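Okay, protein.csv now, which holds CSV, C-alpha atoms:
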```csv
chain,number,residue,atom,x,y,z
A,60,MET,CA,47.5,-36.0,139.8
A,61,MET,CA,45.7,-32.7,139.7
A,62,ARG,CA,47.4,-30.1,137.4
A,63,LEU,CA,47.3,-26.4,138.1
A,64,PRO,CA,46.5,-24.0,135.2
A,65,MET,CA,49.6,-22.4,133.8
A,66,SER,CA,48.6,-18.9,135.0
A,67,GLN,CA,48.5,-20.2,138.6
A,68,VAL,CA,51.8,-22.0,138.1
A,69,PHE,CA,53.4,-18.7,137.1
A,70,ILE,CA,51.9,-17.0,140.1
A,71,CYS,CA,53.1,-19.7,142.5
A,72,LEU,CA,56.6,-19.5,141.0
A,73,ALA,CA,56.7,-15.7,141.5
A,74,LEU,CA,55.5,-16.0,145.1
A,75,ALA,CA,58.0,-18.7,145.7
A,76,ALA,CA,60.8,-16.5,144.3
A,77,LEU,CA,59.8,-13.6,146.5
A,78,ALA,CA,59.6,-15.9,149.5
A,79,ALA,CA,63.1,-17.0,148.8
A,80,GLY,CA,64.4,-13.5,148.6
A,81,CYS,CA,64.6,-13.3,144.8
A,82,GLY,CA,62.5,-10.1,144.4
A,83,PRO,CA,63.9,-6.9,142.9
A,84,THR,CA,66.9,-5.5,144.8
A,85,ALA,CA,67.3,-2.0,146.1
A,86,GLU,CA,69.7,-1.2,143.3
A,87,GLN,CA,67.1,-2.3,140.7
A,88,TYR,CA,64.4,-0.2,142.3
A,89,SER,CA,66.8,2.7,142.4
A,90,LYS,CA,67.6,2.3,138.6
A,91,GLU,CA,63.9,2.1,137.9
A,92,GLY,CA,63.2,5.2,139.9
A,93,LEU,CA,66.0,7.1,138.1
A,94,LEU,CA,64.6,6.2,134.7
A,95,ASN,CA,61.1,7.4,135.7
A,96,PHE,CA,62.5,10.6,137.3
A,97,GLN,CA,64.4,11.5,134.1
A,98,ALA,CA,61.2,10.9,132.1
A,99,GLY,CA,59.3,13.2,134.4
A,100,ASN,CA,57.2,10.4,135.9
A,101,TYR,CA,57.7,11.6,139.4
A,102,ARG,CA,55.0,9.5,141.1
A,103,SER,CA,56.4,6.3,139.6
A,104,ALA,CA,59.9,7.4,140.6
A,105,LEU,CA,58.8,8.0,144.2
A,106,ALA,CA,57.3,4.6,144.4
A,107,ALA,CA,60.5,2.9,143.2
A,108,PHE,CA,62.8,5.0,145.3
A,109,GLN,CA,60.6,4.3,148.3
A,110,GLU,CA,60.9,0.6,147.7
A,111,ALA,CA,64.7,0.9,147.6
A,112,ALA,CA,64.7,3.0,150.8
A,113,ASP,CA,62.5,0.4,152.5
A,114,LEU,CA,64.9,-2.4,151.6
A,115,GLN,CA,68.0,-0.3,152.7
A,116,PRO,CA,66.7,2.3,155.2
A,117,THR,CA,70.3,3.4,156.2
A,118,ASN,CA,71.4,4.1,152.7
A,119,ALA,CA,71.6,7.9,152.4
A,120,TYR,CA,71.4,7.9,148.6
A,121,HIS,CA,68.0,6.1,148.7
A,122,GLN,CA,66.7,8.7,151.3
A,123,TYR,CA,68.0,11.5,149.1
A,124,ASN,CA,66.2,10.2,146.0
A,125,VAL,CA,62.9,9.8,147.9
A,126,ALA,CA,63.4,13.4,148.9
A,127,ALA,CA,64.1,14.5,145.4
A,128,ALA,CA,60.9,12.9,144.1
A,129,TYR,CA,58.9,14.5,146.8
A,130,GLN,CA,60.5,17.9,145.9
A,131,ALA,CA,59.6,17.4,142.2
A,132,LEU,CA,56.0,16.6,143.2
A,133,GLY,CA,55.9,19.8,145.3
A,134,GLN,CA,55.5,17.9,148.6
A,135,LEU,CA,58.2,20.1,150.2
A,136,ASP,CA,57.8,19.2,153.9
A,137,LEU,CA,58.2,15.5,153.1
A,138,ALA,CA,61.2,16.4,150.9
A,139,LEU,CA,62.8,18.3,153.7
A,140,LEU,CA,62.2,15.4,156.1
A,141,ARG,CA,64.0,13.0,153.8
A,142,TYR,CA,66.8,15.3,152.9
A,143,ASN,CA,67.5,15.7,156.6
A,144,ALA,CA,67.5,12.0,157.0
A,145,ALA,CA,69.9,11.7,154.1
A,146,VAL,CA,72.5,14.1,155.5
A,147,SER,CA,72.2,12.6,159.0
A,148,LEU,CA,73.4,9.4,157.4
A,149,HIS,CA,75.9,11.0,155.0
A,150,PRO,CA,76.8,14.7,155.6
A,151,GLY,CA,78.8,14.6,152.4
A,152,LEU,CA,75.7,14.7,150.2
A,153,VAL,CA,76.4,18.4,149.4
A,154,ASN,CA,73.6,18.9,146.9
A,155,ALA,CA,71.1,17.8,149.6
A,156,TYR,CA,71.7,21.1,151.4
A,157,LYS,CA,71.2,23.0,148.1
A,158,ASN,CA,67.9,21.1,147.4
A,159,MET,CA,66.8,21.8,151.0
A,160,ALA,CA,67.5,25.5,150.5
A,161,LEU,CA,65.5,25.4,147.2
A,162,CYS,CA,62.5,23.9,149.2
A,163,TYR,CA,62.7,26.7,151.7
A,164,GLN,CA,62.9,29.3,149.0
A,165,ALA,CA,59.8,27.9,147.4
A,166,GLN,CA,58.1,28.3,150.8
A,167,LEU,CA,59.4,31.9,151.0
A,168,LYS,CA,61.6,31.0,154.0
A,169,GLU,CA,64.8,32.7,152.9
A,170,GLU,CA,66.4,32.6,156.4
A,171,MET,CA,66.0,28.8,156.5
A,172,ALA,CA,67.4,28.6,153.0
A,173,VAL,CA,70.6,30.5,154.0
A,174,GLN,CA,70.9,28.2,157.0
A,175,CYS,CA,70.9,25.1,154.7
A,176,TYR,CA,73.7,26.6,152.6
A,177,GLU,CA,75.7,27.4,155.7
A,178,ARG,CA,75.1,23.8,157.0
A,179,GLY,CA,76.5,22.4,153.8
A,180,CYS,CA,79.6,24.5,154.0
A,181,ARG,CA,80.2,23.5,157.7
A,182,ALA,CA,79.7,19.8,157.0
A,183,ASN,CA,82.0,19.8,153.9
A,184,PRO,CA,84.8,22.3,154.6
A,185,ILE,CA,87.2,20.8,152.0
A,186,SER,CA,84.7,20.6,149.2
A,187,ALA,CA,84.2,23.5,146.8
A,188,VAL,CA,80.6,22.5,145.9
A,189,PRO,CA,78.7,23.9,148.9
A,190,PHE,CA,80.6,27.1,148.7
A,191,TYR,CA,79.9,27.8,145.1
A,192,ASN,CA,76.3,26.7,145.5
A,193,PHE,CA,76.0,29.4,148.2
A,194,ALA,CA,77.8,31.8,145.9
A,195,LEU,CA,75.3,31.2,143.1
A,196,TYR,CA,72.5,31.8,145.6
A,197,TYR,CA,74.0,35.2,146.4
A,198,LEU,CA,74.4,36.0,142.7
A,199,ASP,CA,70.7,35.3,142.2
A,200,LYS,CA,69.9,37.7,145.0
A,201,GLY,CA,72.1,40.4,143.5
A,202,ASP,CA,74.6,40.3,146.4
A,203,LYS,CA,77.9,40.4,144.5
A,204,SER,CA,80.1,41.0,147.5
A,205,ARG,CA,78.9,37.8,149.2
A,206,ALA,CA,78.9,35.9,145.9
A,207,GLU,CA,82.6,36.7,145.3
A,208,GLU,CA,83.4,35.9,148.9
A,209,TYR,CA,82.0,32.4,148.6
A,210,LEU,CA,83.4,31.8,145.1
A,211,ARG,CA,86.8,32.5,146.6
A,212,LYS,CA,86.1,30.3,149.5
A,213,ALA,CA,85.2,27.5,147.0
A,214,VAL,CA,88.6,27.8,145.4
A,215,THR,CA,90.3,27.8,148.9
A,216,ALA,CA,88.3,24.8,150.0
A,217,ASP,CA,89.4,22.7,147.1
A,218,PRO,CA,92.0,24.3,144.8
A,219,GLU,CA,91.8,21.3,142.5
A,220,ASP,CA,88.1,21.7,141.7
A,221,PRO,CA,87.9,22.9,138.0
A,222,ASP,CA,84.3,24.2,138.4
A,223,ALA,CA,85.3,26.4,141.3
A,224,HIS,CA,88.0,28.1,139.2
A,225,TYR,CA,85.7,28.3,136.2
A,226,LEU,CA,82.9,30.0,138.1
A,227,LEU,CA,85.2,32.5,139.8
A,228,GLY,CA,86.9,33.2,136.5
A,229,GLU,CA,83.5,33.8,134.9
A,230,TYR,CA,82.4,36.1,137.6
A,231,LEU,CA,85.6,38.2,137.6
A,232,ILE,CA,85.6,38.7,133.8
A,233,HIS,CA,82.0,39.8,134.0
A,234,GLU,CA,83.0,42.3,136.7
A,235,GLY,CA,85.8,43.7,134.5
A,236,ARG,CA,88.7,42.0,136.2
A,237,ARG,CA,89.7,40.2,133.1
A,238,ASP,CA,93.3,39.3,133.8
A,239,GLU,CA,92.5,37.6,137.1
A,240,GLY,CA,89.5,35.9,135.6
A,241,ILE,CA,91.5,34.4,132.7
A,242,GLN,CA,94.0,33.0,135.2
A,243,HIS,CA,91.2,31.1,136.8
A,244,TYR,CA,89.9,30.0,133.4
A,245,LYS,CA,93.4,28.7,132.6
A,246,LYS,CA,93.6,26.9,135.9
A,247,SER,CA,90.3,25.2,135.3
A,248,LEU,CA,91.5,24.1,131.8
A,249,GLU,CA,94.6,22.6,133.3
A,250,LEU,CA,92.6,20.6,135.8
A,251,ARG,CA,90.1,19.4,133.2
A,252,PRO,CA,91.6,19.7,129.8
A,253,LEU,CA,88.6,18.4,128.0
A,254,ASN,CA,86.2,20.9,129.4
A,255,PRO,CA,84.2,22.0,126.4
A,256,HIS,CA,83.3,25.4,128.0
A,257,LEU,CA,87.0,26.4,128.1
A,258,SER,CA,88.0,27.0,124.5
A,259,GLU,CA,90.2,29.8,123.2
A,260,GLU,CA,87.1,31.7,122.2
A,261,LEU,CA,86.1,32.0,125.8
A,262,TYR,CA,89.4,33.8,126.5
A,263,GLN,CA,88.3,36.5,124.0
A,264,LEU,CA,84.6,36.9,125.0
A,265,ALA,CA,83.3,37.9,128.4
A,266,PRO,CA,80.8,35.1,129.4
A,267,VAL,CA,77.3,35.7,130.5
A,268,GLU,CA,76.6,36.3,134.2
A,269,PRO,CA,76.2,33.1,136.1
A,270,LYS,CA,72.7,32.9,137.6
A,271,LEU,CA,71.0,30.3,139.6
A,272,PRO,CA,67.9,29.0,137.7
A,273,PRO,CA,65.0,27.4,139.5
A,274,PRO,CA,66.2,23.8,138.9
A,275,LYS,CA,64.4,20.6,139.4
A,276,ALA,CA,65.4,18.4,142.3
A,277,GLU,CA,68.5,16.3,141.5
A,278,VAL,CA,68.7,12.6,142.2
A,279,ALA,CA,71.7,10.6,143.2
A,280,ARG,CA,73.3,8.4,140.6
```

structure tokens encoding of this file:
Amino acid sequence: MMRLPMSQVFICLALAALAAGCGPTAEQYSKEGLLNFQAGNYRSALAAFQEAADLQPTNAYHQYNVAAAYQALGQLDLALLRYNAAVSLHPGLVNAYKNMALCYQAQLKEEMAVQCYERGCRANPISAVPFYNFALYYLDKGDKSRAEEYLRKAVTADPEDPDAHYLLGEYLIHEGRRDEGIQHYKKSLELRPLNPHLSEELYQLAPVEPKLPPPKAEVAR
């Protein structure tokens, strides 16, 4: 009986496994992509995320991650296309709206960026996150009035969100409204007792002004 070389045997076994549906799963590709993304290997991350999305095209998180990789690579139009696909599948991906806004800001399309933040707020009216994301945008633009408006909307949208109280407290103390700011700090500490940012020292020192940095695209975990 003719024997195949071992190298060919291994190849045949691998092909047989793939034919039987034993190849990498979408979850495995997603994990691989995340590791590459965190290491700054965005092209490798994109390839892995795309494999996951191809296997599960209606999974919003895979679409989101493909978008984040495109954004990190500076391919902003493709990133916007995939972010829109992600929120069409799952409107609750609140940071997708923020990342879309960042893409538009990078393209100097401020009006479109504002529309993305507004979309996030409309799609998630009982989540604090899109409201304080919008507030941080206004802080970055120097519009304190609108920033405070949306920080308060964040607390109203979800009074149990510790970050909403923390950010509002930080803003108020910086603006000289110390007593009200400390009340929000205390509320944040009640909601998340182990928050390392809320120690007694923070009650004595006015924190630095919150400011939106130019962050990298986030990926879903």

Within 12 Å of segment 183-195 of chain A, counting all atoms listed in the file, which residues show up once you throw out same-chain ones fewer than 5 positions away? Write them as a ChimeraX atom specification, please.
/A:146,149-158,160-161,172-178,200-227,229-230,268-273

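Nearest to Met171 of chain A of all the residues A:Ser147, A:Met159, A:Glu86, A:Tyr244 is A:Met159, based on all atoms listed in the file.
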
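What separates atom CA of Ser103 of chain A from atom CA of Lys168 of chain A is a distance of 29.1 Å.
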
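The space between atom CA of His233 of chain A and atom CA of Glu249 of chain A spans 21.3 Å.
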
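With distances taken over all atoms listed in the file, A:Ser247 is the one residue among A:Ser247, A:Gln164, A:Gln109, A:Asn95 lying closest to Gly228 of chain A.
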
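Atom to atom, atom CA of Gln122 of chain A and atom CA of Ala145 of chain A stand 5.2 Å apart.
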
Using only C-alpha atoms, collect all residues at a distance of at most 8 Å from (54.7, 9.1, 144.2) as written in the file, then present them as a VMD selection string.
chain A and resid 101 to 106 128 to 129 132

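Look at Ala126 of chain A: the protein and nucleic acid residues within 6 Å of it, using all atoms listed in the file and passing over chain neighbours fewer than 3 places away, are Tyr123, Tyr129, Ala138, Arg141 and Tyr142 of chain A.
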
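Proximity to Asp113 of chain A was assessed for A:Leu167, A:Asn100, A:Val125, A:Leu148 counting all atoms listed in the file; the smallest distance is recorded for A:Val125.
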
Generate the missing atoms of segment 97-116 of chain A up to N, CA and C atoms and report them as an mmCIF file, in the frame of the given file.
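Just written: out_8.cif:
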```
data_model
loop_
_atom_site.group_PDB
_atom_site.id
_atom_site.type_symbol
_atom_site.label_atom_id
_atom_site.label_comp_id
_atom_site.auth_asym_id
_atom_site.auth_seq_id
_atom_site.Cartn_x
_atom_site.Cartn_y
_atom_site.Cartn_z
ATOM 1 N N GLN A 97 63.902 10.788 135.323
ATOM 2 C CA GLN A 97 64.400 11.500 134.100
ATOM 3 C C GLN A 97 63.328 11.664 133.084
ATOM 4 N N ALA A 98 62.338 10.773 133.075
ATOM 5 C CA ALA A 98 61.200 10.900 132.100
ATOM 6 C C ALA A 98 60.119 11.806 132.628
ATOM 7 N N GLY A 99 60.293 12.327 133.848
ATOM 8 C CA GLY A 99 59.300 13.200 134.400
ATOM 9 C C GLY A 99 58.119 12.482 135.069
ATOM 10 N N ASN A 100 58.248 11.169 135.236
ATOM 11 C CA ASN A 100 57.200 10.400 135.900
ATOM 12 C C ASN A 100 57.497 10.317 137.396
ATOM 13 N N TYR A 101 57.244 11.427 138.076
ATOM 14 C CA TYR A 101 57.700 11.600 139.400
ATOM 15 C C TYR A 101 57.010 10.656 140.441
ATOM 16 N N ARG A 102 55.736 10.383 140.222
ATOM 17 C CA ARG A 102 55.000 9.500 141.100
ATOM 18 C C ARG A 102 55.566 8.066 141.043
ATOM 19 N N SER A 103 55.813 7.621 139.815
ATOM 20 C CA SER A 103 56.400 6.300 139.600
ATOM 21 C C SER A 103 57.808 6.249 140.207
ATOM 22 N N ALA A 104 58.541 7.349 140.016
ATOM 23 C CA ALA A 104 59.900 7.400 140.600
ATOM 24 C C ALA A 104 59.855 7.334 142.084
ATOM 25 N N LEU A 105 58.930 8.068 142.684
ATOM 26 C CA LEU A 105 58.800 8.000 144.200
ATOM 27 C C LEU A 105 58.524 6.626 144.647
ATOM 28 N N ALA A 106 57.613 5.929 143.981
ATOM 29 C CA ALA A 106 57.300 4.600 144.400
ATOM 30 C C ALA A 106 58.484 3.650 144.365
ATOM 31 N N ALA A 107 59.262 3.763 143.282
ATOM 32 C CA ALA A 107 60.500 2.900 143.200
ATOM 33 C C ALA A 107 61.524 3.290 144.160
ATOM 34 N N PHE A 108 61.761 4.598 144.315
ATOM 35 C CA PHE A 108 62.800 5.000 145.300
ATOM 36 C C PHE A 108 62.379 4.623 146.699
ATOM 37 N N GLN A 109 61.065 4.677 146.997
ATOM 38 C CA GLN A 109 60.600 4.300 148.300
ATOM 39 C C GLN A 109 60.850 2.806 148.577
ATOM 40 N N GLU A 110 60.645 1.987 147.541
ATOM 41 C CA GLU A 110 60.900 0.600 147.700
ATOM 42 C C GLU A 110 62.402 0.331 148.005
ATOM 43 N N ALA A 111 63.265 1.065 147.314
ATOM 44 C CA ALA A 111 64.700 0.900 147.600
ATOM 45 C C ALA A 111 65.024 1.359 149.005
ATOM 46 N N ALA A 112 64.420 2.460 149.444
ATOM 47 C CA ALA A 112 64.700 3.000 150.800
ATOM 48 C C ALA A 112 64.139 1.992 151.853
ATOM 49 N N ASP A 113 63.015 1.348 151.564
ATOM 50 C CA ASP A 113 62.500 0.400 152.500
ATOM 51 C C ASP A 113 63.398 -0.829 152.657
ATOM 52 N N LEU A 114 64.028 -1.217 151.552
ATOM 53 C CA LEU A 114 64.900 -2.400 151.600
ATOM 54 C C LEU A 114 66.265 -2.007 152.280
ATOM 55 N N GLN A 115 66.697 -0.748 152.111
ATOM 56 C CA GLN A 115 68.000 -0.300 152.700
ATOM 57 C C GLN A 115 67.764 1.044 153.385
ATOM 58 N N PRO A 116 67.106 1.064 154.533
ATOM 59 C CA PRO A 116 66.700 2.300 155.200
ATOM 60 C C PRO A 116 67.914 3.174 155.647
#
```
